[in-house]
Amino acid sequence: MKNSFKTLDEIKKYCSEAGVDIGFSGNTEIYRKSHVINGFTVNNSLAVLPMEGADALEDGSPGELTRRRYLSFARGGAGIIWFEAVAVVPEGRASMYQLHLNKGNVDAFRRLTDEVREPALKQNGHAPMLVIQLTHSGRYSKPDGVPRPVIAAHNPVLDEKYGIAPDYPVVTDEALEALEDRFAETARLAQQAGFDAMDVKASHGYLLGELLGAHTREGRYGGGYEGRTRFIKNAAEKVRQAVDARVTLASRLSLYDAMEPQYGFGVGPDGQPDLAEPVRLLRELYNIGVRLVAVTAGNPYLIPHVNRPYDNGPYVPPEPPVKGVERLLTLAARAKAEVPEMAFVGAGYSWLKSFAVQAGAYALENGHADFIGFGRQAFANPGFANDILETGKIAPGKTCITCTKCVELMRSMLPAGCVVRDKTYARLYQQHIKNNA
Ligand SMILES: Cc1cc2nc3c(=O)[nH]c(=O)nc-3n(C[C@H](O)[C@H](O)[C@H](O)COP(=O)(O)O)c2cc1C
Ligand code: SF4
């Protein structure tokens with residue numbers, strides 16, 4: 001059922017009839033709660049989730065639309081702005097328009113972080129925590145616009161979908177070890193560029209996410225739990241050593257891959273979430289120094305309904321979108337209950353439209369997450385945080401309608417933004433449709 005609910009009572013009734021456990025609370029004051037993470041005061045409990053804009057310049061530096069997006073997020077008032085995926089090596093870019101931080105463009109990133117802090121301080125009286133997401137796109141690498149997959153392990157379903165032959169070589173252990181160092185070197189640059197926190201991203205089927213589920217891989221980086229988690233732990237440790245102690249370590253971590261157990265992380269024999277390994281990893285990451293985790297799930301290329309529940313998307317999902325929302329919220333709640341010392345950012349709220357405000361308030365009130373993260377909603381209304389903080393709501397006319405057009409733009413290697421609420425992207429989308437007619 002699509003979210004066309006007009007009142008909170010309607011959506012509550014629907015959830016209860018569908019047996020969906022999502023709570024709602026009117027205590028929206030709770031979003032004002034500040035948090036101290038590794039000595040950094042985050043002014044409120046709202047976060048902009050990372051979202052690739054595919055609008056970087058060819059050398060990987062932020063483009064004009066990148067700047068526009070982050071300046072609007074900054075004005076919007078969220079306590080955390082989690083920057084999108086930024087490749088640590090050129091061959092790990094998802095397209096030639098993905099950000100890539102390197103020695104040659106560190107100043108351009110520095111200008112962006114300086115610029116982003118300015119309106120936030122001026123208008124909101126606080127600087128957000130700026131997190132950079134360090135990534136390698138793995139099997140989705142397209143550094144020059146054509147697929148150049150770097151795979152951690154074979155996966156028959158994904159291999160077939162993307163035309164990868166059974167004898168296509170997997171990335172070697174030596175290359176992975178060298179890549180760990182690239183994460184650390186890029187983190188050092190990211191500190192120079194003015195970021196407050198470093199995310200070692202392991203999710204969504206990209207290289208580090210795929211390694212976590214590489215049960216069938218031989219060698220040091222696959223097989224059992226120790227092998228599969230070796231890369232993220234080594235990379236986190238190397239990043240920690242590369243940056244000052246005041247820089248926060250973070251991770252966008254997939255707690256459940258929603259694929260066959262022998263190819264995924266956090267998947268039980270019945271295909272349902274099994275958090276034994278993710279919880280063990282979260283505790284180990286905490287011991288390494290990771291203090292902030294943005295929870296996520298699924299592979300957006302294969303099963304996008306798990307990653308970002310939608311009303312209109314590439315296929316009709318096999319479950320009502322509200323089930324997907326419940327799964328994401330529950331994953332965060334379970335992780336927080338098991339590893340309370342870690343700060344968690346929850347995801348998956350945008351489908352709830354304006355009722356996300358009450359669902360997030362409930363999650364915060366009940367300790368199911370420390371921050372409520374918004375992805376598509378931030379594209380649709382970059383001012384969502386101030387709306388919530390000042391009025392306790394997001395007006396229905398300003399919400400994301402989960403139409404998936406922003407993703408369509410991104411997958412076509414065009415700048416991504418809200419086609420419905422932002423004229424710049426509406427125009428780009430019209431042009432894209434015309435070009436493909
Ligand atoms: C266009 C688009 C780009 C995205 N890019 C990233 C990304 O770079 N890194 C990441 O971790 N997640 C990415 N995501 C996933 C979001 O961070 C978020 O987890 C997801 O959209 C669910 O949250 P929502 O329901 O609030 O949109 C992207 C999502 C969209 C729609
Ligand atoms: S295009 Fe806008 S309304 Fe549609 S899913 Fe993206 S952010 Fe939401």
# chains A, B, ... in the order shown; residues from 1 in each chain; ligands from 1
call {"tool": "residues_near_ligand", "arguments": {"ligand": "ligand 2", "cutoff": "9 Å", "atoms": "only C-alpha atoms and all ligand atoms", "output": "PDB file with C-alpha atoms, in the first residue's frame"}}
result
ATOM      1  CA  TYR A 310       9.502   3.354  -2.130  1.00  0.00           C
ATOM      2  CA  ASP A 311       6.053   3.807  -3.617  1.00  0.00           C
ATOM      3  CA  ASN A 312       7.271   4.040  -7.213  1.00  0.00           C
ATOM      4  CA  GLY A 313      10.438   2.298  -8.272  1.00  0.00           C
ATOM      5  CA  SER A 350      11.604   9.068   4.012  1.00  0.00           C
ATOM      6  CA  TRP A 351       8.778   6.747   2.904  1.00  0.00           C
ATOM      7  CA  GLY A 375      18.154  10.632   2.709  1.00  0.00           C
ATOM      8  CA  ARG A 376      15.645  11.401  -0.027  1.00  0.00           C
ATOM      9  CA  GLN A 377      13.732  13.706   2.295  1.00  0.00           C
ATOM     10  CA  ALA A 378      16.873  15.868   2.441  1.00  0.00           C
ATOM     11  CA  PHE A 379      16.909  16.088  -1.358  1.00  0.00           C
ATOM     12  CA  ALA A 380      13.227  17.024  -1.388  1.00  0.00           C
ATOM     13  CA  ASN A 381      13.510  19.553   1.424  1.00  0.00           C
ATOM     14  CA  THR A 399       8.033  15.797   1.584  1.00  0.00           C
ATOM     15  CA  CYS A 400       9.712  13.240  -0.633  1.00  0.00           C
ATOM     16  CA  ILE A 401       7.131  11.111  -2.424  1.00  0.00           C
ATOM     17  CA  THR A 402       9.570   8.207  -2.972  1.00  0.00           C
ATOM     18  CA  CYS A 403       9.200   8.287  -6.764  1.00  0.00           C
ATOM     19  CA  THR A 404      12.829   7.130  -7.365  1.00  0.00           C
ATOM     20  CA  LYS A 405      13.493   9.723 -10.073  1.00  0.00           C
ATOM     21  CA  CYS A 406      16.572  11.034  -8.242  1.00  0.00           C
ATOM     22  CA  VAL A 407      18.041   7.529  -8.417  1.00  0.00           C
ATOM     23  CA  GLU A 408      17.174   7.307 -12.111  1.00  0.00           C
ATOM     24  CA  LEU A 409      19.207  10.476 -12.680  1.00  0.00           C
ATOM     25  CA  ALA A 416      20.969  13.707  -8.778  1.00  0.00           C
ATOM     26  CA  GLY A 417      18.502  15.738  -6.780  1.00  0.00           C
ATOM     27  CA  CYS A 418      14.789  16.027  -6.219  1.00  0.00           C
ATOM     28  CA  VAL A 419      12.940  16.027  -9.516  1.00  0.00           C
ATOM     29  CA  VAL A 420       9.645  16.744  -7.763  1.00  0.00           C
ATOM     30  CA  ARG A 421      10.580  19.659  -5.498  1.00  0.00           C
ATOM     31  CA  ASP A 422      13.568  21.283  -7.191  1.00  0.00           C
ATOM     32  CA  TYR A 425      16.494  18.590 -11.343  1.00  0.00           C
ATOM     33  CA  ALA A 426      13.016  18.683 -12.892  1.00  0.00           C
TER      34      ALA A 426
END
call {"tool": "residues_around", "arguments": {"residues": "A:Pro273", "least_positions_apart": "6", "cutoff": "7 Å", "atoms": "only C-alpha atoms", "output": "list in words"}}
result
Tyr256, Gly266 and Val267 of chain A
call {"tool": "write_last_selection", "arguments": {"atoms": "N, CA and C atoms", "output": "short mmCIF file (atom, residue, chain, number, x, y, z; two decimals), in the first residue's frame"}}
result
data_model
loop_
_atom_site.label_atom_id
_atom_site.label_comp_id
_atom_site.auth_asym_id
_atom_site.auth_seq_id
_atom_site.Cartn_x
_atom_site.Cartn_y
_atom_site.Cartn_z
N TYR A 256 22.44 -5.98 7.30
CA TYR A 256 21.70 -7.11 6.72
C TYR A 256 21.69 -6.94 5.20
N GLY A 266 25.12 -10.68 7.78
CA GLY A 266 23.96 -10.48 8.66
C GLY A 266 22.73 -11.25 8.23
N VAL A 267 22.94 -12.31 7.43
CA VAL A 267 21.80 -13.07 6.91
C VAL A 267 21.79 -14.45 7.56
#
call {"tool": "select_by_dssp", "arguments": {"residues": "stretch 91-293 of chain A", "states": "alpha helix (DSSP H)", "output": "JSON, numbers by chain"}}
result
{"A": [106, 107, 108, 109, 110, 111, 112, 113, 114, 115, 116, 117, 118, 119, 156, 157, 158, 159, 160, 161, 173, 174, 175, 176, 177, 178, 179, 180, 181, 182, 183, 184, 185, 186, 187, 188, 189, 190, 191, 192, 207, 208, 209, 210, 211, 212, 225, 226, 227, 228, 229, 230, 231, 232, 233, 234, 235, 236, 237, 238, 239, 240, 241, 242, 276, 277, 278, 279, 280, 281, 282, 283, 284, 285, 286, 287, 288]}
call {"tool": "residues_around", "arguments": {"residues": "A:Val42", "least_positions_apart": "2", "cutoff": "8 Å", "atoms": "only C-alpha atoms", "output": "PDB file with C-alpha atoms, in the first residue's frame"}}
result
ATOM      1  CA  SER A  34      22.581  17.481  21.541  1.00  0.00           C
ATOM      2  CA  HIS A  35      25.227  14.759  21.667  1.00  0.00           C
ATOM      3  CA  VAL A  36      28.918  14.769  22.370  1.00  0.00           C
ATOM      4  CA  ILE A  37      30.768  12.311  20.149  1.00  0.00           C
ATOM      5  CA  PHE A  40      32.490  17.068  19.189  1.00  0.00           C
ATOM      6  CA  ASN A  44      20.659  18.165  17.533  1.00  0.00           C
ATOM      7  CA  SER A  45      19.521  14.632  16.755  1.00  0.00           C
ATOM      8  CA  GLY A  79      23.455  18.283  13.405  1.00  0.00           C
ATOM      9  CA  ILE A  80      25.269  15.861  11.099  1.00  0.00           C
ATOM     10  CA  PRO A 128      27.307  20.522  11.813  1.00  0.00           C
ATOM     11  CA  MET A 129      29.547  17.514  12.135  1.00  0.00           C
TER      12      MET A 129
END
call {"tool": "residues_around", "arguments": {"residues": "stretch 280-297 of chain A", "least_positions_apart": "4", "cutoff": "8 Å", "atoms": "only C-alpha atoms", "output": "MDAnalysis selection string"}}
result
chainID A and resid 37:38 203:204 229 233 236:237 240 248:258 276 306:307 328 331:332 339 342:347
call {"tool": "write_last_selection", "arguments": {"atoms": "C-alpha atoms", "output": "CSV table (one decimal), in the first residue's frame"}}
result
chain,number,residue,atom,x,y,z
A,37,ILE,CA,30.8,12.3,20.1
A,38,ASN,CA,34.5,12.0,20.6
A,203,SER,CA,27.6,-1.5,2.6
A,204,HIS,CA,25.3,-1.6,-0.5
A,229,THR,CA,35.9,-8.5,8.6
A,233,LYS,CA,38.9,-3.5,10.8
A,236,ALA,CA,39.5,1.5,10.4
A,237,GLU,CA,42.6,0.9,12.4
A,240,ARG,CA,42.6,5.9,13.2
A,248,THR,CA,35.8,10.8,14.8
A,249,LEU,CA,35.8,7.4,13.2
A,250,ALA,CA,32.5,6.3,11.6
A,251,SER,CA,31.1,3.7,9.4
A,252,ARG,CA,28.1,3.3,7.0
A,253,LEU,CA,27.5,-0.3,7.8
A,254,SER,CA,25.0,-2.7,6.3
A,255,LEU,CA,23.7,-4.9,9.1
A,256,TYR,CA,21.7,-7.1,6.7
A,257,ASP,CA,22.4,-7.8,3.1
A,258,ALA,CA,19.1,-9.5,2.3
A,276,ALA,CA,25.2,-12.1,15.6
A,306,VAL,CA,15.2,-3.1,1.2
A,307,ASN,CA,17.6,-0.1,1.1
A,328,LEU,CA,15.4,-0.7,8.8
A,331,LEU,CA,17.9,-3.1,12.7
A,332,ALA,CA,19.0,0.2,14.2
A,339,VAL,CA,26.0,-2.0,21.5
A,342,MET,CA,28.0,3.3,19.9
A,343,ALA,CA,26.1,6.3,18.5
A,344,PHE,CA,23.7,5.2,15.7
A,345,VAL,CA,22.1,7.1,12.9
A,346,GLY,CA,18.8,5.4,11.8
A,347,ALA,CA,17.7,5.4,8.1
call {"tool": "residues_around", "arguments": {"residues": "A:Ser141", "least_positions_apart": "4", "cutoff": "7 Å", "atoms": "only C-alpha atoms", "output": "PyMOL selection string"}}
result
chain A and resi 91-95+137+147-150
call {"tool": "closest_residue", "arguments": {"among": "A:Pro269, A:Arg67, A:Phe231, A:Lys238", "to": "A:Glu174", "atoms": "only C-alpha atoms"}}
result
A:Phe231
call {"tool": "closest_residue", "arguments": {"among": "A:Tyr221, A:Tyr70, A:Phe265, A:Tyr206", "to": "ligand 1", "atoms": "only C-alpha atoms and all ligand atoms"}}
result
A:Tyr206
call {"tool": "closest_residue", "arguments": {"among": "A:Met1, A:Ala235, A:Val200, A:Val171", "to": "ligand 1", "atoms": "only C-alpha atoms and all ligand atoms"}}
result
A:Val200
call {"tool": "residues_around", "arguments": {"residues": "stretch 21-32 of chain A", "least_positions_apart": "4", "cutoff": "7 Å", "atoms": "only C-alpha atoms", "output": "ChimeraX atom specification"}}
result
/A:15,44-46,326,358-359,361-362,389,392
call {"tool": "select_by_dssp", "arguments": {"residues": "stretch 110-261 of chain A", "states": "strand (DSSP E)", "output": "ChimeraX atom specification"}}
result
/A:129-135,197-200,248-256
call {"tool": "write_last_selection", "arguments": {"atoms": "C-alpha atoms", "output": "mmCIF file, in the first residue's frame"}}
result
data_model
loop_
_atom_site.group_PDB
_atom_site.id
_atom_site.type_symbol
_atom_site.label_atom_id
_atom_site.label_comp_id
_atom_site.auth_asym_id
_atom_site.auth_seq_id
_atom_site.Cartn_x
_atom_site.Cartn_y
_atom_site.Cartn_z
ATOM 1 C CA MET A 129 29.547 17.514 12.135
ATOM 2 C CA LEU A 130 30.855 16.930 8.609
ATOM 3 C CA VAL A 131 31.390 13.252 7.893
ATOM 4 C CA ILE A 132 33.124 12.109 4.722
ATOM 5 C CA GLN A 133 32.228 8.709 3.314
ATOM 6 C CA LEU A 134 35.327 6.911 2.050
ATOM 7 C CA THR A 135 34.571 4.202 -0.454
ATOM 8 C CA ALA A 197 34.630 12.417 10.842
ATOM 9 C CA MET A 198 35.767 9.597 8.547
ATOM 10 C CA ASP A 199 33.355 6.919 7.421
ATOM 11 C CA VAL A 200 34.860 3.648 6.273
ATOM 12 C CA THR A 248 35.750 10.834 14.758
ATOM 13 C CA LEU A 249 35.790 7.373 13.217
ATOM 14 C CA ALA A 250 32.532 6.323 11.627
ATOM 15 C CA SER A 251 31.055 3.705 9.352
ATOM 16 C CA ARG A 252 28.078 3.302 7.047
ATOM 17 C CA LEU A 253 27.462 -0.299 7.804
ATOM 18 C CA SER A 254 25.025 -2.722 6.264
ATOM 19 C CA LEU A 255 23.683 -4.886 9.076
ATOM 20 C CA TYR A 256 21.704 -7.113 6.717
#
call {"tool": "atom_distance", "arguments": {"atom1": "atom CA of A:Val116", "atom2": "atom CA of A:Ala74"}}
result
5.7 Å
call {"tool": "closest_residue", "arguments": {"among": "A:Pro309, A:Gly264, A:Gly104, A:Gly367", "to": "ligand 1", "atoms": "only C-alpha atoms and all ligand atoms"}}
result
A:Pro309
call {"tool": "atom_distance", "arguments": {"atom1": "atom CA of A:Leu101", "atom2": "atom CA of A:Phe195"}}
result
11.9 Å
call {"tool": "closest_residue", "arguments": {"among": "A:Ile303, A:Ala54, A:Val243, A:Leu364", "to": "ligand 1", "atoms": "only C-alpha atoms and all ligand atoms"}}
result
A:Ala54
